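Quick notes on the structure that follows.
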Amino acid sequence: MLNASLKELSASLAAKRISSVELTRLFLGRIGELNGKLNAFISVDAEKSLAQARAADELIAKGGEQALTGIPVAHKDIFVARDWLTTCGSKILSNFVGPYDAHLIERFNAVGAVLLGKTNMDEFAMGSSSESSFYGPVKNPWNPECVPGGSSGGSAAAVAARMAPAATGTDTGGSIRQPAALSGISGLKPTYGLVSRYGMIAFASSLDQGGPLAKSAEDLALLLNVIAGFDPRDSTSIEREKEDYTRDLDRPLSGLRVGVPKEHFGEGLAPDVGAAVEAALAQLEKLGVKRVPIELPNSSLSVPAYYVIAPAEASSNLSRFDGARYGYRAKNYSDLADMYRRTRAEGFGAEVRRRILIGTYVLSHGYYDAYYLKAQKIRRLIAGDFTEAFKRCDVVIGPTSPTVAFKIGAKTADPVQMYLNDIYTIPANLAGLPAASIPCGFGAGGLPVGLHLVGNYFAEAKLLNVAHRYQRETDWHRREPAGLKT
Amino acid sequence: MNWEIVIGLETHAQLSTASKMFSGASTAFGAAPNTQASAVDIALPGVLPVANRGAVERAIRFGLAVGGEKVINRHSIFARKNYFYPDLPKGYQISQYELPIVKGGEIPIVSPTRGEIKIRLTRAHLEEDAGKSLHEAFHNMSGIDLNRAGVPLLEIVSEPDMRSAEEAVAYAKTLHSLVRWIGICDGNMQEGSFRCDANVSVRRLGAQLGTRAEIKNLNSFRFLERAIEFEVKRQIEILEGGGKIVQETRLYDPDKDETRSMRTKEEAHDYRYFPDPDLLPLEVSEEWIDEIKADLPEWPRDRIERFKGYGLSDYDVALLNADFDIGNYFDGVVRESMRSGEQLQAADFKLCANWVLNDVAARRNADGLQSWQFGVSDETLGYMLRLLRDGAISAKTVKDLFAEFWEESKAKGFSMHGGHPERVDRLIEERGLRQISDLSAIEKIVDEVIAKNAKQVEDYLAGKDKAFNSLVGQVMKATQGKANPAQVNEILKRKLAR
């Protein structure tokens with residue numbers, strides 16, 4: 001059961017081979033067993049989860065189930081959930097209990113899924129290692145001395161260690177795909193605007209996008225079916241017809257053009273990762289895809305542009321955490337300005353403070369044009385690179401991350417090294433394109449390698465098609481971390 | 001001596017939408033603190049703004065009123081103005097910065113010294129209001145009321161085109177009546193729905209613009225005038241004493257009648273404006289503009305000319321244009337008092353105007369009604385006036401029915417109009433109120449009265465006018481008051497002259 005796909009779980013529930021309560025208990029038990037070691041969850045509340053499971057069982061008994069009814073799903077602690085502690089990995093929200101449900105949570109509730117727990121993450125999703133959490137670092141299930149990637153590291157570790165059948169995350173610069181890659185699971189960042197941001201605590205509004213993490217592309221498709229869709233409460237949500245993302249999973253790949261950007265195979269790419277990605281491309285060629293060399297000439301500008309735009313938006317988005325209305329407030333202060341200063345200095349961790357300072361600086365009078373405006377121009381150039389590329393290919397494929405998972409603490413002293421983790425994933429956020437990461441082998445230390453797929457706008461079904469056909473031929477996504485065997 | 005005063009105004013007009021600029025919470029004034037603050041207004045984590053279409057529409061109406069289509073930006077941008085304050089829950093105010101919805105336009109005013117002049121507008125942009133800090137009654141702490149947070153505002157920025165406090169007041173008053181006229185703002189200054197900031201500087205005639213001071217939050221025309229006068233005097237005194245003006249923000253204290261420094265330019269915030277990534281650029285289509293244009297009321301100036309063309313006095317015209325609704329009501333009364341295809345004469349317009357300005361206005365004042373509230377509809381009053389002009393009913397009948405209908409409406413809290421044209425007809429029949437308009441019938445009665453009252457006829461012929469009145473009274477009595485007194489007079493005079 002712990003290894004079962006969502007489709008298998010749904011079938012078991014429908015056939016009453018197992019109840020949602022039993023299934024939920026099973027995963028709660030697994031969490032109880034492993035969370036002390038991996039620190040993947042910030043909040044677990046068996047009573048709440050089991051109440052939902054009982055409701056799901058009643059629904060199934062009446063024959064009223066939909067896809068995912070009764071299935072436990074873990075949610076990144078960035079999604080506000082009613083009556084659940086919602087911390088965003090930060091001290092400043094350490095006492096914040098959600099008064100409402102995020103759009104994504106509402107959608108899972110609507111199909112009768114079970115909220116299994118809230119997963120650990122880099123504070124305010126700022127990080128690539130899940131080390132910046134106020135609640136301690138998340139450990140990689142493949143090697144607890146290593147990071148699971150970030151910022152959705154808790155969700156990735158939970159799925160990799162089979163503590164949850166599936167999970168959700170958010171991706172601002174790679175925060176779903178990079179931890180999926182480093183933890184050996186599948187993850188999808190949808191097209192910007194496909195999944196509502198309502199109730200998803202904002203990091204960088206123009207880049208943030210919620211999405212699923214799971215064991216396979218097929219599971220991702222089922223999860224995306226639940227969470228995609230227009231929401232009038234998010235002005236950037238896109239109104240379009242609903243799709244069934246499972247519809248093209250098995251479509252043959254023959255004739256599909258796969259663009260391979262030379263910029264993603266140059267300096268900085270670790271040889272073990274490069275080799276695994278090359279092998280995956282060869283496997284895809286056997287499935288009939290045509291390999292097309294492409295260029296993304298402005299790639300090298302994506303990290304600097306991102307580290308202007310994302311902190312700029314964050315510096316403003318995080319202003320509401322001021323101690324006045326909710327969340328942490330400093331104990332001692334002399335006046336209003338002092339209350340703000342102390343609350344924010346004590347409530348935010350070092351990485352969040354660094355990004356607020358960078359963002360405040362680049363938006364300041366006299367610097368705005370040189371930084372923020374220029375970064376926006378680069379952003380348009382990068383989107384233009386993809387527009388050109390998609391004239392020549394259907395999917396862009398390369399590595400998700402330049403290296404396999406690194407040791408906890410290895411990059412915390414050097415933010416720039418940390419930022420370079422997202423060099424291949426950031427361009428899709430800047431352009432707003434859908435992108436996925438799926439396991440494609442193992443590198444140094446037996447750690448997983450991720451294959452990165454970028455599609456054109458709203459080409460999620462095509463990405464999942466490529467990923468699923470690949471997963472039909474390979475078993476990388478079925479491998480389990482040694483030592484945590486189910 | 002020879003100082004020229006230069007004034008520009010920034011006016012915040014609260015747009016009269018039922019819900020807030022970016023949330024669904026109510027904008028109604030006076031609710032208990034924080035009862036009209038939604039999750040969006042208190043800036044909970046994860047919430048997002050959605051622009052209010054009604055507020056955007058009102059901004060477009062304003063643009064069309066002050067400059068026509070050409071001043072409406074088809075593409076404008078919401079931007080964040082970042083600063084920390086407890087009554088600003090998000091830590092930023094959503095406003096418009098580089099691309100406002102309205103760019104340009106002008107307001108014609110009558111200056112006491114320069115006659116009719118035009119004040120140019122720099123821009124008008126949409127933004128949300130902040131909440132309120134309450135510093136009383138909290139024992140060394142401050143209370144925050146976020147009911148006002150997120151209320152939609154149109155900030156209207158003028159060029160520095162005014163040259164005296166009187167001109168600034170004339171501009172503010174014209175703008176105030178315009179925003180009410182086009183229905184985008186209730187103009188309630190006590191509740192802060194319309195408030196001004198004044199930028200004031202002085203210079204030697206013909207010299208470059210002097211350094212300005214900005215005086216904040218002037219919420220009455222009198223304060224606006226007093227604050228500018230004080231400020232001008234203060235600046236001239238400094239300059240004549242050889243000093244320099246510091247660019248700063250000042251507050252007017254109405255109790256002391258003076259302005260005080262709030263912060264200087266050096267202390268000014270760096271607001272770090274940038275486009276709000278939570279909101280898409282505001283795109284205004286030609287179709288939408290056409291729709292709004294079709295729905296715009298007649299401009300005040302056009303209506304004034306039209307009413308003058310009816311032969312009404314300037315005084316009556318001014319009263320009928322005091323607010324938009326009374327003018328509309330007058331138009332309705334005129335329309336209903338007309339038989340189809342009929343051309344009304346000056347006297348007919350005057351009759352309608354008298355009723356609207358005397359009876360209707362008096363009762364509205366007595367009952368403290370809003371400008372849009374009427375106890376009797378324009379349709380009913382117009383219909384009764386038509387019957388009056390036809391001679392079918394007397395003026396007294398109109399007055400009686402009008403009063404009765406108004407009381408009916410009042411009894412229902414003015415939730416509906418009293419009376420109805422069909423009820424007027426029914427009551428006339430039921431109560432026998434119809435006047436005798438058949439001349440031969442009246443002549444017959446007159447003949448009878450003359451025959452029976454030889455003494456009075458003799459007195460009248462001897463020059464005693466009082467006797468004539470007595471004869472009229474006899475005729476009216478004989479017709480049970482249903483004869484038209486004017487007709488009775490005419491017939492009686494004709495017959496007695498023989």
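In the structure tokens, the first chain shown is A, the next is B, and so on; residue numbers restart at 1 for each chain, and ligands run from 1 in the order shown.
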Run DSSP on the backbone and give me the residues of range 366-485 of chain B it puts in helix (DSSP H, G or I), as a ChimeraX atom specification.
-> /B:366-367,378-389,395-411,421-431,439-452,454-461,465-478,485
Residues of range 206-360 of chain B in strand (DSSP E or B) according to DSSP, as an MDAnalysis selection string?
-> chainID B and resid 213:218 248:253 258:264 274:275 282:283
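Put simply, CA of Leu296 in chain A is 6.2 Å away from CA of Pro261 in chain A.
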Quick one: everything within 8 Å of range 167-172 of chain A, counting only C-alpha atoms, minus sequence neighbours fewer than 5 positions away in the same chain. Send it as a PyMOL selection string.
-> chain A and resi 73-76+78+125+151-152+155-156+158-159+177+189+203-204+207-214+426+429
Just the selected residues (N, CA and C atoms), exported as a PDB file, in the first residue's frame, please.
```pdb
ATOM      1  N   VAL A  73      -3.185  13.300   1.373  1.00  0.00           N
ATOM      2  CA  VAL A  73      -2.232  14.131   0.630  1.00  0.00           C
ATOM      3  C   VAL A  73      -1.592  15.106   1.620  1.00  0.00           C
ATOM      4  N   ALA A  74      -0.262  15.244   1.538  1.00  0.00           N
ATOM      5  CA  ALA A  74       0.449  16.186   2.413  1.00  0.00           C
ATOM      6  C   ALA A  74       0.587  17.523   1.697  1.00  0.00           C
ATOM      7  N   HIS A  75       0.428  18.602   2.442  1.00  0.00           N
ATOM      8  CA  HIS A  75       0.501  19.927   1.823  1.00  0.00           C
ATOM      9  C   HIS A  75       1.638  20.747   2.404  1.00  0.00           C
ATOM     10  N   LYS A  76       2.319  21.410   1.515  1.00  0.00           N
ATOM     11  CA  LYS A  76       3.388  22.310   1.941  1.00  0.00           C
ATOM     12  C   LYS A  76       2.800  23.335   2.906  1.00  0.00           C
ATOM     13  N   ILE A  78       2.901  26.236   3.211  1.00  0.00           N
ATOM     14  CA  ILE A  78       2.713  27.565   2.630  1.00  0.00           C
ATOM     15  C   ILE A  78       1.243  27.779   2.279  1.00  0.00           C
ATOM     16  N   ALA A 125       9.601  29.866   1.580  1.00  0.00           N
ATOM     17  CA  ALA A 125       9.963  29.239   0.293  1.00  0.00           C
ATOM     18  C   ALA A 125      11.254  29.801  -0.285  1.00  0.00           C
ATOM     19  N   SER A 151      12.505  24.692  -2.227  1.00  0.00           N
ATOM     20  CA  SER A 151      11.999  24.863  -0.873  1.00  0.00           C
ATOM     21  C   SER A 151      10.954  23.830  -0.459  1.00  0.00           C
ATOM     22  N   SER A 152      10.354  23.099  -1.422  1.00  0.00           N
ATOM     23  CA  SER A 152       9.324  22.129  -1.029  1.00  0.00           C
ATOM     24  C   SER A 152       9.975  20.820  -0.587  1.00  0.00           C
ATOM     25  N   SER A 155       7.778  18.170   1.409  1.00  0.00           N
ATOM     26  CA  SER A 155       6.848  17.434   0.546  1.00  0.00           C
ATOM     27  C   SER A 155       7.600  16.373  -0.253  1.00  0.00           C
ATOM     28  N   ALA A 156       8.773  16.747  -0.802  1.00  0.00           N
ATOM     29  CA  ALA A 156       9.549  15.806  -1.614  1.00  0.00           C
ATOM     30  C   ALA A 156      10.030  14.639  -0.751  1.00  0.00           C
ATOM     31  N   ALA A 158       8.724  13.573   2.036  1.00  0.00           N
ATOM     32  CA  ALA A 158       7.576  12.788   2.486  1.00  0.00           C
ATOM     33  C   ALA A 158       7.162  11.772   1.429  1.00  0.00           C
ATOM     34  N   VAL A 159       7.133  12.193   0.167  1.00  0.00           N
ATOM     35  CA  VAL A 159       6.744  11.272  -0.908  1.00  0.00           C
ATOM     36  C   VAL A 159       7.854  10.243  -1.130  1.00  0.00           C
ATOM     37  N   ARG A 177      10.508  21.350  -8.572  1.00  0.00           N
ATOM     38  CA  ARG A 177      11.295  20.482  -9.449  1.00  0.00           C
ATOM     39  C   ARG A 177      12.645  20.090  -8.848  1.00  0.00           C
ATOM     40  N   LYS A 189       5.604  21.879 -12.075  1.00  0.00           N
ATOM     41  CA  LYS A 189       5.214  23.277 -11.908  1.00  0.00           C
ATOM     42  C   LYS A 189       4.327  23.634 -13.097  1.00  0.00           C
ATOM     43  N   PHE A 203       5.461  34.553  -1.963  1.00  0.00           N
ATOM     44  CA  PHE A 203       6.899  34.856  -1.917  1.00  0.00           C
ATOM     45  C   PHE A 203       7.132  35.884  -3.021  1.00  0.00           C
ATOM     46  N   ALA A 204       7.106  35.456  -4.289  1.00  0.00           N
ATOM     47  CA  ALA A 204       7.232  36.390  -5.408  1.00  0.00           C
ATOM     48  C   ALA A 204       6.036  36.154  -6.332  1.00  0.00           C
ATOM     49  N   LEU A 207       5.897  34.944  -9.951  1.00  0.00           N
ATOM     50  CA  LEU A 207       6.620  33.704 -10.252  1.00  0.00           C
ATOM     51  C   LEU A 207       6.018  32.484  -9.555  1.00  0.00           C
ATOM     52  N   ASP A 208       5.388  32.711  -8.397  1.00  0.00           N
ATOM     53  CA  ASP A 208       4.868  31.604  -7.581  1.00  0.00           C
ATOM     54  C   ASP A 208       3.833  30.783  -8.340  1.00  0.00           C
ATOM     55  N   GLN A 209       3.947  29.478  -8.234  1.00  0.00           N
ATOM     56  CA  GLN A 209       2.923  28.617  -8.808  1.00  0.00           C
ATOM     57  C   GLN A 209       2.870  27.319  -8.010  1.00  0.00           C
ATOM     58  N   GLY A 210       1.676  26.939  -7.609  1.00  0.00           N
ATOM     59  CA  GLY A 210       1.497  25.699  -6.864  1.00  0.00           C
ATOM     60  C   GLY A 210       1.470  24.510  -7.800  1.00  0.00           C
ATOM     61  N   GLY A 211       1.836  23.340  -7.284  1.00  0.00           N
ATOM     62  CA  GLY A 211       1.803  22.154  -8.127  1.00  0.00           C
ATOM     63  C   GLY A 211       1.999  20.895  -7.308  1.00  0.00           C
ATOM     64  N   PRO A 212       1.906  19.734  -7.959  1.00  0.00           N
ATOM     65  CA  PRO A 212       1.976  18.460  -7.256  1.00  0.00           C
ATOM     66  C   PRO A 212       3.379  17.839  -7.233  1.00  0.00           C
ATOM     67  N   LEU A 213       3.626  17.035  -6.191  1.00  0.00           N
ATOM     68  CA  LEU A 213       4.809  16.161  -6.123  1.00  0.00           C
ATOM     69  C   LEU A 213       4.288  14.750  -5.869  1.00  0.00           C
ATOM     70  N   ALA A 214       4.809  13.777  -6.611  1.00  0.00           N
ATOM     71  CA  ALA A 214       4.285  12.419  -6.486  1.00  0.00           C
ATOM     72  C   ALA A 214       5.332  11.426  -6.971  1.00  0.00           C
ATOM     73  N   ILE A 426      14.997  28.147 -13.060  1.00  0.00           N
ATOM     74  CA  ILE A 426      14.495  29.522 -12.989  1.00  0.00           C
ATOM     75  C   ILE A 426      13.915  30.034 -14.315  1.00  0.00           C
ATOM     76  N   ASN A 429      10.213  29.702 -14.704  1.00  0.00           N
ATOM     77  CA  ASN A 429       9.428  30.610 -13.864  1.00  0.00           C
ATOM     78  C   ASN A 429       9.395  32.000 -14.461  1.00  0.00           C
TER      79      ASN A 429
END
```
Ala350 in chain A surroundings by only C-alpha atoms, 9 Å radius, close-in-sequence under 5 positions cut, as a PyMOL selection string | chain A and resi 132+345+355
